[in-house]
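*Asks:* Here it is, the structure, as structure tokens.
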Amino acid sequence: MSADPTKDKERIGVYVCHCGTNISATVDVENVAVWAKDKLADDGVVVARDYKFMCSSLGQELIERDIEREGLTRVVVAACSPHLHENTFRGACHRAGLNGYLCEMVSIREQVSWVHTDKIAATAKAKAMIAGGVERVIENEPLESLHVPIHPDTLVVGGGIAGIQAALEIADSGNKVYLVEREPSIGGHMAQFDKTFPTLDCAACILTPKMVSAGTHPNIELLTWSEVERVDGFVGNFTVTIKKKPRYVIEELCTGCGICWEKCPKHVVDDVFEAGLGYRAAVYTPFAQAVPKYPVIDTENCTYFQRGKCRACEKFCPTNAIDFTQTETYISVTVGNIILATGYDLFDARRVVQYGYGRLANVFTSIEFERMCNASGPTNGEIVLRDGVTPPKSVGIIHCVGSRDRNYNNYCSVICCMSSLKFAHLVKERTGAEVYNFYIDMRTAYKDYDEFYQRVLEEGTLFVRGRVAEVTDAARGPGEEGKIIIQAEDTLIGKQRRIPVDMVLLAAALEPRKDAKEVAQKFGISCSANGWYTEKHPKLDPVATMTEGIFIAGAAQGPKDIPTSVSQGAAAAGRVLNRIGRGEIELEPVRATVEAAKCSGCRICNNLCPFGAIIFHEDLMVSEVKHALCQGCGTCVAACPAGAISGSGFSNGQILAQIEGMLMFDQPANLLNLAEMALA
Amino acid sequence: MSEPFEPVIIGFTCNWCSYRAADLAGTARVKYPPNVRLIRLMCSGRLDPTFVLKALSQGADGVMITGCHPGECHYIEQNYKAMRRYLLLRRTLAQMGIEPGRVKLVWASAAEGVKLAKEISTLVEEIRALGPLNWPGRVKMATGGNGTAVSAHISQEVTA
């Protein structure tokens with residue numbers, strides 16, 4: 001076949017697993033083993049066995065013993081998916097002194113016995129696949145894992161609760177962390193909230209100490225009002241360029257006394273932190289407990305920047321900390337690992353036109369309501385209508401606005417049921433108003449959440465199960481005059497209902513950051529179709545990504561609440577610390593290599609690599625693949641017109657041999673003749 | 001004809017999405033016809049069109065190329081390269097007198113076991129409708145009787 005005739009013939013062992021009856025019920029495994037030893041003997045198969053559970057220690061010992069006694073040089077295991085047990089069998093080979101990469105797995109469970117019913121056809125397919133595995137393994141080469149040293153510093157992007165937690169965990173272990181935040185202060189969405197479900201502890205009370213720890217920690221370098229501009233390098237040794245936006249305030253001199261924002265004559269609506277409900281000066285910190293305490297000047301609204309005069313802040317600053325001449329600066333840091341905790345954006349409730357947000361004054365979004373409830377917010381914690389004084393007598397809370405809706409997002413935003421229940425409780429507690437919750441399904445999983453739901457039920461909040469059709473101010477009768485009417489089907493009684501209320505709260509969906517895809521690309525990770533960062537494994541590896549050295553935490557990976565965000569922040573930190581502790585990382589040796597002698601210097605491959613792993617040596621006119629950067633996709637291997645690039649683990653030789661092997665027992669006679677003719 | 005024609009199809013899968021979709025189809029016991037034999041690549045971008053020609057020339061009646069959905073590639077954008085190569089390959093096949101429908105590109109994420117199974121079933125029926133490929137006969141027609149020329153060319157390219 002494709003094997004080099006001058007080469008010594010390999011001695012191959014084929015092991016066919018029954019997997020209890022998982023495989024043997026559909027594939028005649030004994031027959032397959034006998035067949036392999038007979039029909040594949042010419043290809044080097046000297047041992048073929050079937051065994052109840054190949055992955056058991058006895059099964060593994062079987063392989064180890066054959067390697068030692070029969071002098072096997074290659075092993076094929078026909079069992080489950082390599083994603084499950086490839087490492088198991090590589091380990092068995094390794095223990096018997098055979099390089100683990102000389103072992104090949106054939107998936108006859110996931111791809112044969114579990115998906116087919118006809119025993120004859122399934123057995124035939126298993127044979128074809130094993131023949132492919134045998135032909136391929138002949139072409140396998142022994143490989144060694146790559147070892148890459150890990151720089152002990154870490155970059156955390158995003159200063160919300162997940163990022164703060166991750167930074168603190170790593171910093172507390174004695175390692176340096178750069179915490180980058182694009183807003184003037186860390187704190188993220190959690191800093192905007194009033195109470196947190198289900199315990200109703202005050203968000204600021206539990207968050208502020210963590211923010212202060214992060215701000216004062218000797219191992220954390222806080223880079224707020226900054227953004228990551230560029231990421232170069234690879235796991236263990238990333239070079240990150242960070243843009244520091246000008247604050248126009250000299251941090252070394254500023255004491256955070258607040259005189260500047262008191263004296264600033266300009267007041268603008270705060271669309272970010274106060275969600276458009278409150279005002280701030282043109283020189284500001286987003287909130288009183290901001291970390292760091294230094295303000296920034298918003299040049300778009302600053303009278304001096306717009307009209308060339310004012311400079312009130314500069315005049316009154318007691319420490320001369322205002323500096324209008326500051327410009328953007330760029331700093332470059334070297335880190336071994338990166339944690340992305342960039343959070344979420346809130347769904348724009350205006351998109352659901354029929355709910356009237358932006359048109360009807362007393363329709364509020366969840367974040368507006370959070371600010372309204374907050375004692376340091378624009379209404380000092382008073383729950384009032386848009387006029388700023390009247391407390392509502394009735395409030396309607398609409399769940400799933402932009403979530404679980406084909407028109408916007410199919411997914412569940414996870415937190416809205418609980419935060420809506422929290423709103424219901426707060427409205428009741430503070431105003432005594434009648435509260436209606438409109439829900440599709442009540443989702444109160446996790447510890448103490450359902451108990452909170454029971455509590456809100458007992459407090460007398462009314463629940464209407466059904467999606468709201470419309471929120472309108474068009475009254476149909478005297479009872480609806482001056483009210484906002486919520487029209488919804490109550491699916492539990494099977495009736496349409498019109499419920500007039502004074503105030504409507506929309507539980508808006510959590511969405512990926514607008515620039516999530518751009519950020520993902522910058523860091524070389526991928527996003528799901530919805531735009532959430534994709535984890536390495538949805539169950540077993542939720543904070544790692546496919547890109548070595550880049551981890552994710554918090555809502556950037558998908559909607560989640562505070563406890564889960566904190567857990568993920570800590571989990572990501574744990575993963576990073578484990579690498580820092582070891583000092584190096586082992587990488588799969590699936591890499592591309594350019595054979596310089598064959599490279600014509602055409603540079604076709606140079607632009608194909610999304611990781612920038614291919615460099616071109618102008619002097620030698622050849623390209624080179626940097627192994628630590630190469631992720632092993634093989635696109636360059638497929639593209640090289642000279643065949644100068646080889647991909648270890650997935651070489652042309654291996655794949656072509658596998659194709660040939662898979663088809664060699666189907667070939668009609670005339671095809672074989674043709675092949676002989678071609679060889680002649 | 002005594003037996004119905006059972007096409008042989010080689011499927012190329014991406015390690016991160018479609019191979020895992022095949023795993024998932026297995027775990028979920030989703031049934032599909034046994035005509036497709038899957039080969040794992042690290043990425044659909046690894047697919048050298050030669051692999052497809054090799055499979056067709058060695059007796060496959062059809063080839064399935066699978067990868068991550070556009071925008072979801074684990075290697076950022078290499079599936080777009082697979083898509084370009086696929087389009088060119090279809091044109092080449094048509095020039096060789098081979099129905100382009102024998103090669104199909106399918107996007108399947110790691111979560112889409114059911115979709116992958118469905119696509120396999122559909123392709124098997126499509127290839128069944130096209131009938132056996134009969135590569136030697138086709139090559140003879142395309143080269144005016146000198147079948148070995150193309151075959152030898154391919155095996156050269158393969159070793160390169």
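Residues in the structure tokens are named by chain (A, B, ... in the order shown) and by number from 1 within that chain; ligands are numbered from 1 in the order shown.
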Would you mind listing, as JSON, numbers by chain, all residues of chain B that have at least one atom within 7 Å of chain A, where only C-alpha atoms are what counts?

*Replies:* {"B": [22, 23, 26, 27, 29, 30, 31, 32, 33, 34, 37, 41, 42, 43, 45, 46, 47, 48, 51, 55, 58, 59, 72, 73, 74, 75, 76, 78, 136, 148, 151, 152, 160]}

*Asks:* Which residue gives the smallest distance to Ile170 (chain A) among A:Ile580, A:Leu426, A:Ala33, A:Phe616, with only C-alpha atoms counted?

*Replies:*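 The closest residue to Ile170 (chain A) is A:Ile580.
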
*Asks:* So which one's closest to Leu168 (chain A), A:Asn607, A:Thr239, A:Asn219, A:Thr21? Using only C-alpha atoms, please.

*Replies:*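 Answer, going by the shortest atom-to-atom distance: A:Asn219.
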
*Asks:* Mind the document's chain letters and residue numbers, and return as number ranges by chain the residues of region 41-135 of chain B that DSSP labels helix (DSSP H, G or I).

*Replies:* B: 44-46, 49-57, 78-95, 100-102, 113-130, 135

*Asks:* Kindly export the residues of the current selection with N, CA and C atoms, as a short mmCIF file (atom, residue, chain, number, x, y, z; two decimals), in the first residue's frame.

*Replies:*
```
data_model
loop_
_atom_site.label_atom_id
_atom_site.label_comp_id
_atom_site.auth_asym_id
_atom_site.auth_seq_id
_atom_site.Cartn_x
_atom_site.Cartn_y
_atom_site.Cartn_z
N SER B 44 -11.48 22.21 9.18
CA SER B 44 -11.85 22.06 7.77
C SER B 44 -10.83 22.78 6.88
N GLY B 45 -10.11 23.74 7.47
CA GLY B 45 -9.05 24.42 6.72
C GLY B 45 -7.90 23.50 6.35
N ARG B 46 -7.81 22.36 7.03
CA ARG B 46 -6.75 21.39 6.73
C ARG B 46 -7.06 20.63 5.46
N PRO B 49 -7.76 19.80 -1.18
CA PRO B 49 -8.70 19.24 -2.17
C PRO B 49 -8.21 17.90 -2.73
N THR B 50 -6.90 17.69 -2.66
CA THR B 50 -6.37 16.40 -3.11
C THR B 50 -7.01 15.24 -2.35
N PHE B 51 -7.31 15.47 -1.06
CA PHE B 51 -7.92 14.41 -0.26
C PHE B 51 -9.25 13.96 -0.89
N VAL B 52 -9.99 14.95 -1.37
CA VAL B 52 -11.30 14.65 -1.95
C VAL B 52 -11.12 13.84 -3.24
N LEU B 53 -10.19 14.30 -4.07
CA LEU B 53 -9.93 13.60 -5.33
C LEU B 53 -9.41 12.19 -5.06
N LYS B 54 -8.57 12.10 -4.03
CA LYS B 54 -8.03 10.80 -3.66
C LYS B 54 -9.18 9.85 -3.29
N ALA B 55 -10.10 10.35 -2.46
CA ALA B 55 -11.21 9.50 -2.01
C ALA B 55 -12.05 9.07 -3.22
N LEU B 56 -12.36 10.02 -4.11
CA LEU B 56 -13.19 9.69 -5.26
C LEU B 56 -12.46 8.70 -6.17
N SER B 57 -11.16 8.88 -6.31
CA SER B 57 -10.41 8.01 -7.21
C SER B 57 -10.22 6.62 -6.63
N GLN B 78 -10.61 29.72 9.57
CA GLN B 78 -10.08 28.80 8.58
C GLN B 78 -11.19 28.07 7.81
N ASN B 79 -12.39 28.02 8.41
CA ASN B 79 -13.48 27.38 7.68
C ASN B 79 -13.85 28.18 6.43
N TYR B 80 -13.58 29.49 6.44
CA TYR B 80 -13.83 30.28 5.23
C TYR B 80 -12.89 29.83 4.12
N LYS B 81 -11.68 29.44 4.51
CA LYS B 81 -10.73 28.96 3.51
C LYS B 81 -11.21 27.64 2.93
N ALA B 82 -11.79 26.81 3.82
CA ALA B 82 -12.34 25.54 3.35
C ALA B 82 -13.47 25.82 2.35
N MET B 83 -14.27 26.84 2.65
CA MET B 83 -15.40 27.15 1.80
C MET B 83 -14.91 27.57 0.40
N ARG B 84 -13.86 28.40 0.37
CA ARG B 84 -13.33 28.84 -0.92
C ARG B 84 -12.80 27.65 -1.71
N ARG B 85 -12.06 26.79 -1.01
CA ARG B 85 -11.49 25.63 -1.70
C ARG B 85 -12.60 24.73 -2.22
N TYR B 86 -13.65 24.62 -1.43
CA TYR B 86 -14.78 23.78 -1.81
C TYR B 86 -15.41 24.30 -3.11
N LEU B 87 -15.59 25.61 -3.18
CA LEU B 87 -16.24 26.19 -4.36
C LEU B 87 -15.38 25.96 -5.61
N LEU B 88 -14.06 26.13 -5.45
CA LEU B 88 -13.16 25.90 -6.57
C LEU B 88 -13.18 24.42 -6.98
N LEU B 89 -13.21 23.58 -5.96
CA LEU B 89 -13.18 22.14 -6.21
C LEU B 89 -14.40 21.69 -6.99
N ARG B 90 -15.56 22.25 -6.63
CA ARG B 90 -16.79 21.90 -7.33
C ARG B 90 -16.67 22.24 -8.81
N ARG B 91 -16.06 23.40 -9.07
CA ARG B 91 -15.90 23.82 -10.46
C ARG B 91 -14.98 22.83 -11.19
N THR B 92 -13.89 22.47 -10.51
CA THR B 92 -12.94 21.53 -11.12
C THR B 92 -13.62 20.20 -11.42
N LEU B 93 -14.42 19.73 -10.46
CA LEU B 93 -15.10 18.45 -10.65
C LEU B 93 -16.01 18.52 -11.87
N ALA B 94 -16.74 19.64 -11.99
CA ALA B 94 -17.65 19.80 -13.13
C ALA B 94 -16.86 19.73 -14.43
N GLN B 95 -15.68 20.35 -14.43
CA GLN B 95 -14.85 20.32 -15.64
C GLN B 95 -14.37 18.91 -15.95
N PRO B 100 -20.91 17.91 -9.45
CA PRO B 100 -20.42 18.63 -8.26
C PRO B 100 -21.19 18.21 -7.01
N GLY B 101 -22.40 17.73 -7.19
CA GLY B 101 -23.23 17.32 -6.05
C GLY B 101 -22.66 16.13 -5.29
N ARG B 102 -21.63 15.51 -5.82
CA ARG B 102 -21.03 14.38 -5.10
C ARG B 102 -20.18 14.86 -3.92
N GLY B 113 -25.54 17.31 16.72
CA GLY B 113 -25.50 15.90 16.37
C GLY B 113 -26.66 15.51 15.47
N VAL B 114 -27.82 16.01 15.80
CA VAL B 114 -29.02 15.67 15.02
C VAL B 114 -28.89 16.22 13.61
N LYS B 115 -28.38 17.44 13.52
CA LYS B 115 -28.22 18.06 12.21
C LYS B 115 -27.24 17.26 11.35
N LEU B 116 -26.12 16.87 11.96
CA LEU B 116 -25.12 16.11 11.21
C LEU B 116 -25.71 14.80 10.70
N ALA B 117 -26.45 14.12 11.57
CA ALA B 117 -27.07 12.85 11.18
C ALA B 117 -28.03 13.07 10.02
N LYS B 118 -28.79 14.15 10.10
CA LYS B 118 -29.76 14.45 9.05
C LYS B 118 -29.05 14.74 7.73
N GLU B 119 -27.97 15.51 7.82
CA GLU B 119 -27.21 15.85 6.61
C GLU B 119 -26.61 14.61 5.98
N ILE B 120 -26.13 13.68 6.83
CA ILE B 120 -25.56 12.44 6.31
C ILE B 120 -26.65 11.67 5.57
N SER B 121 -27.82 11.54 6.21
CA SER B 121 -28.93 10.81 5.58
C SER B 121 -29.28 11.43 4.24
N THR B 122 -29.36 12.76 4.20
CA THR B 122 -29.73 13.45 2.95
C THR B 122 -28.69 13.17 1.87
N LEU B 123 -27.41 13.29 2.25
CA LEU B 123 -26.35 13.10 1.26
C LEU B 123 -26.36 11.68 0.71
N VAL B 124 -26.57 10.72 1.59
CA VAL B 124 -26.60 9.32 1.13
C VAL B 124 -27.68 9.17 0.06
N GLU B 125 -28.85 9.77 0.29
CA GLU B 125 -29.93 9.67 -0.70
C GLU B 125 -29.56 10.40 -1.99
N GLU B 126 -28.92 11.55 -1.84
CA GLU B 126 -28.53 12.32 -3.03
C GLU B 126 -27.54 11.53 -3.89
N ILE B 127 -26.56 10.91 -3.20
CA ILE B 127 -25.54 10.15 -3.95
C ILE B 127 -26.18 8.89 -4.54
N ARG B 128 -27.08 8.31 -3.78
CA ARG B 128 -27.78 7.12 -4.29
C ARG B 128 -28.49 7.47 -5.60
N ALA B 129 -29.10 8.66 -5.62
CA ALA B 129 -29.81 9.09 -6.82
C ALA B 129 -28.85 9.32 -7.98
N LEU B 130 -27.62 9.78 -7.66
CA LEU B 130 -26.64 10.02 -8.72
C LEU B 130 -26.07 8.71 -9.27
N TRP B 135 -15.22 6.03 -11.22
CA TRP B 135 -14.12 6.95 -11.51
C TRP B 135 -13.33 6.54 -12.76
#
```

*Asks:* Could you pull the residues within 9 Å of Phe53 (chain A), counting only C-alpha atoms, minus those fewer than 3 positions along the same chain, as an mmCIF file with C-alpha atoms, in the first residue's frame?

*Replies:*
```
data_model
loop_
_atom_site.group_PDB
_atom_site.id
_atom_site.type_symbol
_atom_site.label_atom_id
_atom_site.label_comp_id
_atom_site.auth_asym_id
_atom_site.auth_seq_id
_atom_site.Cartn_x
_atom_site.Cartn_y
_atom_site.Cartn_z
ATOM 1 C CA CYS A 17 -13.433 -3.187 22.389
ATOM 2 C CA HIS A 18 -16.848 -4.626 23.242
ATOM 3 C CA CYS A 19 -17.580 -1.736 25.595
ATOM 4 C CA GLY A 20 -19.787 -4.118 27.568
ATOM 5 C CA ASP A 50 -11.247 -8.204 21.203
ATOM 6 C CA SER A 56 -10.063 -0.997 32.000
ATOM 7 C CA SER A 57 -6.712 -1.570 33.627
ATOM 8 C CA LEU A 58 -6.775 -5.183 32.421
ATOM 9 C CA GLY A 59 -7.474 -4.026 28.878
ATOM 10 C CA ALA A 79 -13.388 1.586 20.723
#
```

*Asks:* CA of Tyr357 (chain A) and CA of Ala445 (chain A) are how many Å apart?

*Replies:* 29.1 Å

*Asks:* Counting only C-alpha atoms, which of B:Asn134, B:Asn35, B:Thr66, B:Ser18 gets nearest to Lys104 (chain B)?

*Replies:* B:Thr66

*Asks:* Interatomic distance between CA of Gly402 (chain A) and CA of Ala556 (chain A)?

*Replies:* 17.5 Å

*Asks:* Under the rule that only C-alpha atoms are counted, which of A:Leu179, A:Leu421, A:Val501, A:Val291 is the nearest residue to Thr342 (chain A)?

*Replies:* A:Leu179

*Asks:* Pick out the residues sitting within 9 Å of Ile250 (chain A), and hand them over as a VMD selection string; count only C-alpha atoms, and ignore anything fewer than 6 positions along from it in its own chain.

*Replies:* chain A and resid 294 320 to 323 326

*Asks:* Taking the DSSP assignment computed from this structure's backbone, write out as a ChimeraX atom specification all residues of region 85-263 of chain A that belong to strand (DSSP E or B).

*Replies:* /A:103-107,146-149,154-157,177-180,195-196,201-202,220-223,226-234,237-244,249

*Asks:* Just give me the gap between CA of Phe5 (chain B) and CA of Pro132 (chain B) in Å, one decimal is fine.

*Replies:*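 Rounded to one decimal, the two atoms are 7.4 Å apart.
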
*Asks:* Using only C-alpha atoms, which of A:Gly381, A:Gly308, A:Pro184, A:Gly358 sits nearest Val296 (chain A)?

*Replies:*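 Smallest separation from Val296 (chain A) among the options: A:Pro184.
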
*Asks:* Could you list, as a PyMOL selection string, every residue within 12 Å of Val384 (chain A), counting only C-alpha atoms and ignoring same-chain residues fewer than 2 positions away?

*Replies:* chain A and resi 277+361-364+368-369+371-373+378-382+386-395+427+430-431+433+502-504

*Asks:* I need the residues from that last selection saved to file as a tab-separated table (two decimals), in the first residue's frame (with N, CA and C atoms), if you can.

*Replies:*
```tsv
chain	number	residue	atom	x	y	z
A	277	LEU	N	-30.89	58.18	34.05
A	277	LEU	CA	-31.82	58.74	35.05
A	277	LEU	C	-31.21	59.91	35.81
A	361	ALA	N	-43.62	57.32	29.17
A	361	ALA	CA	-42.68	57.81	30.18
A	361	ALA	C	-42.47	56.83	31.32
A	362	ASN	N	-43.51	56.16	31.74
A	362	ASN	CA	-43.38	55.36	32.96
A	362	ASN	C	-43.07	53.88	32.71
A	363	VAL	N	-42.52	53.63	31.53
A	363	VAL	CA	-41.96	52.29	31.28
A	363	VAL	C	-40.45	52.41	31.54
A	364	PHE	N	-39.96	51.60	32.46
A	364	PHE	CA	-38.55	51.66	32.85
A	364	PHE	C	-37.86	50.34	32.52
A	368	GLU	N	-32.56	50.87	34.98
A	368	GLU	CA	-33.07	52.16	35.48
A	368	GLU	C	-33.67	51.97	36.87
A	369	PHE	N	-34.40	50.85	37.00
A	369	PHE	CA	-35.04	50.60	38.29
A	369	PHE	C	-34.00	50.32	39.37
A	371	ARG	N	-31.06	51.62	39.56
A	371	ARG	CA	-30.52	52.92	39.97
A	371	ARG	C	-31.52	53.67	40.85
A	372	MET	N	-32.80	53.52	40.49
A	372	MET	CA	-33.84	54.22	41.25
A	372	MET	C	-33.91	53.69	42.68
A	373	CYS	N	-33.75	52.39	42.83
A	373	CYS	CA	-33.81	51.78	44.16
A	373	CYS	C	-32.58	52.11	45.00
A	378	PRO	N	-30.19	58.43	41.59
A	378	PRO	CA	-30.76	59.73	41.24
A	378	PRO	C	-32.00	60.12	42.06
A	379	THR	N	-32.73	59.14	42.59
A	379	THR	CA	-33.91	59.50	43.38
A	379	THR	C	-33.69	59.22	44.87
A	380	ASN	N	-32.44	58.98	45.24
A	380	ASN	CA	-32.08	58.63	46.61
A	380	ASN	C	-32.83	57.41	47.12
A	381	GLY	N	-33.11	56.51	46.22
A	381	GLY	CA	-33.75	55.27	46.65
A	381	GLY	C	-35.25	55.32	46.66
A	382	GLU	N	-35.85	56.46	46.27
A	382	GLU	CA	-37.32	56.55	46.21
A	382	GLU	C	-37.81	55.92	44.92
A	386	ARG	N	-41.74	58.86	36.46
A	386	ARG	CA	-40.76	59.67	35.74
A	386	ARG	C	-40.81	61.13	36.19
A	387	ASP	N	-41.92	61.58	36.78
A	387	ASP	CA	-42.00	62.98	37.26
A	387	ASP	C	-41.11	63.22	38.47
A	388	GLY	N	-40.60	62.15	39.06
A	388	GLY	CA	-39.64	62.29	40.16
A	388	GLY	C	-40.26	62.42	41.53
A	389	VAL	N	-41.59	62.49	41.64
A	389	VAL	CA	-42.21	62.66	42.96
A	389	VAL	C	-43.29	61.63	43.28
A	390	THR	N	-44.10	61.23	42.27
A	390	THR	CA	-45.26	60.40	42.56
A	390	THR	C	-44.89	58.93	42.72
A	391	PRO	N	-45.19	58.35	43.88
A	391	PRO	CA	-44.95	56.91	43.98
A	391	PRO	C	-46.05	56.15	43.22
A	392	PRO	N	-45.69	55.01	42.60
A	392	PRO	CA	-46.71	54.27	41.85
A	392	PRO	C	-47.65	53.53	42.79
A	393	LYS	N	-48.93	53.38	42.38
A	393	LYS	CA	-49.87	52.58	43.17
A	393	LYS	C	-49.94	51.16	42.65
A	394	SER	N	-49.54	51.00	41.38
A	394	SER	CA	-49.50	49.65	40.81
A	394	SER	C	-48.35	49.57	39.82
A	395	VAL	N	-47.71	48.41	39.83
A	395	VAL	CA	-46.52	48.23	38.98
A	395	VAL	C	-46.63	46.89	38.25
A	427	VAL	N	-40.62	46.86	45.46
A	427	VAL	CA	-41.75	47.76	45.24
A	427	VAL	C	-42.75	47.61	46.38
A	430	ARG	N	-41.33	49.09	49.66
A	430	ARG	CA	-41.11	50.53	49.77
A	430	ARG	C	-42.33	51.38	49.42
A	431	THR	N	-43.26	50.84	48.61
A	431	THR	CA	-44.41	51.66	48.22
A	431	THR	C	-45.75	51.03	48.59
A	433	ALA	N	-47.31	49.21	46.73
A	433	ALA	CA	-48.11	49.15	45.50
A	433	ALA	C	-48.48	47.72	45.15
A	502	ASP	N	-49.48	51.94	36.97
A	502	ASP	CA	-48.84	53.26	36.90
A	502	ASP	C	-47.44	53.17	36.31
A	503	MET	N	-46.80	52.02	36.54
A	503	MET	CA	-45.40	51.89	36.17
A	503	MET	C	-45.15	50.50	35.61
A	504	VAL	N	-44.33	50.44	34.57
A	504	VAL	CA	-43.98	49.14	33.99
A	504	VAL	C	-42.46	48.97	34.04
```

*Asks:* Please provide the set of residues having any atom within 10 Å of region 261-271 of chain A, restricted to only C-alpha atoms, with same-chain residues fewer than 6 positions apart removed, written as a list in words.

*Replies:*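 Result of the neighbour search: Leu277, Gly278, Tyr279, Arg280, Ala281, Ala282, Val283, Tyr284, Thr285, Pro286, Pro295, Val296, Ile297, Asn301, Cys302, Thr303, Cys310, Arg311, Ala312, Cys313, Glu314, Lys315, Phe316 and Cys317 of chain A.
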
*Asks:* Once you have the residues from the selection above, write them out as a short mmCIF file (atom, residue, chain, number, x, y, z; two decimals), in the first residue's frame, restricted to N, CA and C atoms.

*Replies:*
```cif
data_model
loop_
_atom_site.label_atom_id
_atom_site.label_comp_id
_atom_site.auth_asym_id
_atom_site.auth_seq_id
_atom_site.Cartn_x
_atom_site.Cartn_y
_atom_site.Cartn_z
N LEU A 277 -30.89 58.18 34.05
CA LEU A 277 -31.82 58.74 35.05
C LEU A 277 -31.21 59.91 35.81
N GLY A 278 -29.90 59.97 35.87
CA GLY A 278 -29.28 61.01 36.70
C GLY A 278 -28.30 61.85 35.92
N TYR A 279 -27.68 62.78 36.62
CA TYR A 279 -26.75 63.71 35.98
C TYR A 279 -25.36 63.55 36.58
N ARG A 280 -24.38 64.01 35.86
CA ARG A 280 -23.03 64.09 36.40
C ARG A 280 -22.37 65.31 35.79
N ALA A 281 -21.23 65.73 36.38
CA ALA A 281 -20.49 66.86 35.83
C ALA A 281 -19.65 66.39 34.65
N ALA A 282 -19.01 67.33 33.97
CA ALA A 282 -18.15 66.95 32.85
C ALA A 282 -16.85 66.34 33.36
N VAL A 283 -16.46 66.70 34.58
CA VAL A 283 -15.35 66.00 35.22
C VAL A 283 -16.00 65.16 36.32
N TYR A 284 -15.73 63.85 36.31
CA TYR A 284 -16.55 62.99 37.17
C TYR A 284 -15.87 61.68 37.51
N THR A 285 -16.33 61.10 38.59
CA THR A 285 -16.14 59.67 38.81
C THR A 285 -17.54 59.09 38.70
N PRO A 286 -17.67 57.88 38.18
CA PRO A 286 -19.03 57.38 37.94
C PRO A 286 -19.87 57.28 39.20
N PRO A 295 -10.99 61.31 39.13
CA PRO A 295 -12.01 61.54 38.10
C PRO A 295 -11.41 61.56 36.69
N VAL A 296 -12.27 61.60 35.70
CA VAL A 296 -11.84 61.81 34.32
C VAL A 296 -12.62 63.01 33.78
N ILE A 297 -12.05 63.64 32.76
CA ILE A 297 -12.78 64.74 32.11
C ILE A 297 -13.38 64.19 30.81
N ASN A 301 -18.18 66.87 26.57
CA ASN A 301 -19.08 67.77 27.29
C ASN A 301 -18.36 68.87 28.04
N CYS A 302 -17.05 68.80 28.14
CA CYS A 302 -16.30 69.80 28.90
C CYS A 302 -16.30 71.13 28.15
N THR A 303 -16.67 72.17 28.82
CA THR A 303 -16.77 73.48 28.18
C THR A 303 -15.41 73.93 27.65
N CYS A 310 -13.13 78.22 30.39
CA CYS A 310 -13.76 77.70 31.62
C CYS A 310 -12.65 77.37 32.60
N ARG A 311 -12.07 76.17 32.48
CA ARG A 311 -10.96 75.70 33.33
C ARG A 311 -11.25 75.86 34.82
N ALA A 312 -12.56 75.81 35.17
CA ALA A 312 -12.94 75.98 36.59
C ALA A 312 -12.27 74.91 37.44
N CYS A 313 -12.27 73.67 36.95
CA CYS A 313 -11.70 72.59 37.74
C CYS A 313 -10.22 72.85 38.03
N GLU A 314 -9.54 73.34 37.01
CA GLU A 314 -8.10 73.60 37.16
C GLU A 314 -7.86 74.69 38.20
N LYS A 315 -8.71 75.74 38.14
CA LYS A 315 -8.58 76.85 39.07
C LYS A 315 -8.77 76.41 40.53
N PHE A 316 -9.76 75.55 40.72
CA PHE A 316 -10.11 75.19 42.09
C PHE A 316 -9.36 73.98 42.64
N CYS A 317 -8.71 73.23 41.77
CA CYS A 317 -8.05 72.02 42.27
C CYS A 317 -6.95 72.38 43.26
#
```

*Asks:* For Ala516 (chain A), list every protein, DNA or RNA residue within 8 Å, evaluated using only C-alpha atoms, and leave out those in the same chain fewer than 2 positions away; present the list as a ChimeraX atom specification.

*Replies:* /A:512-514,518-520,527,531-533
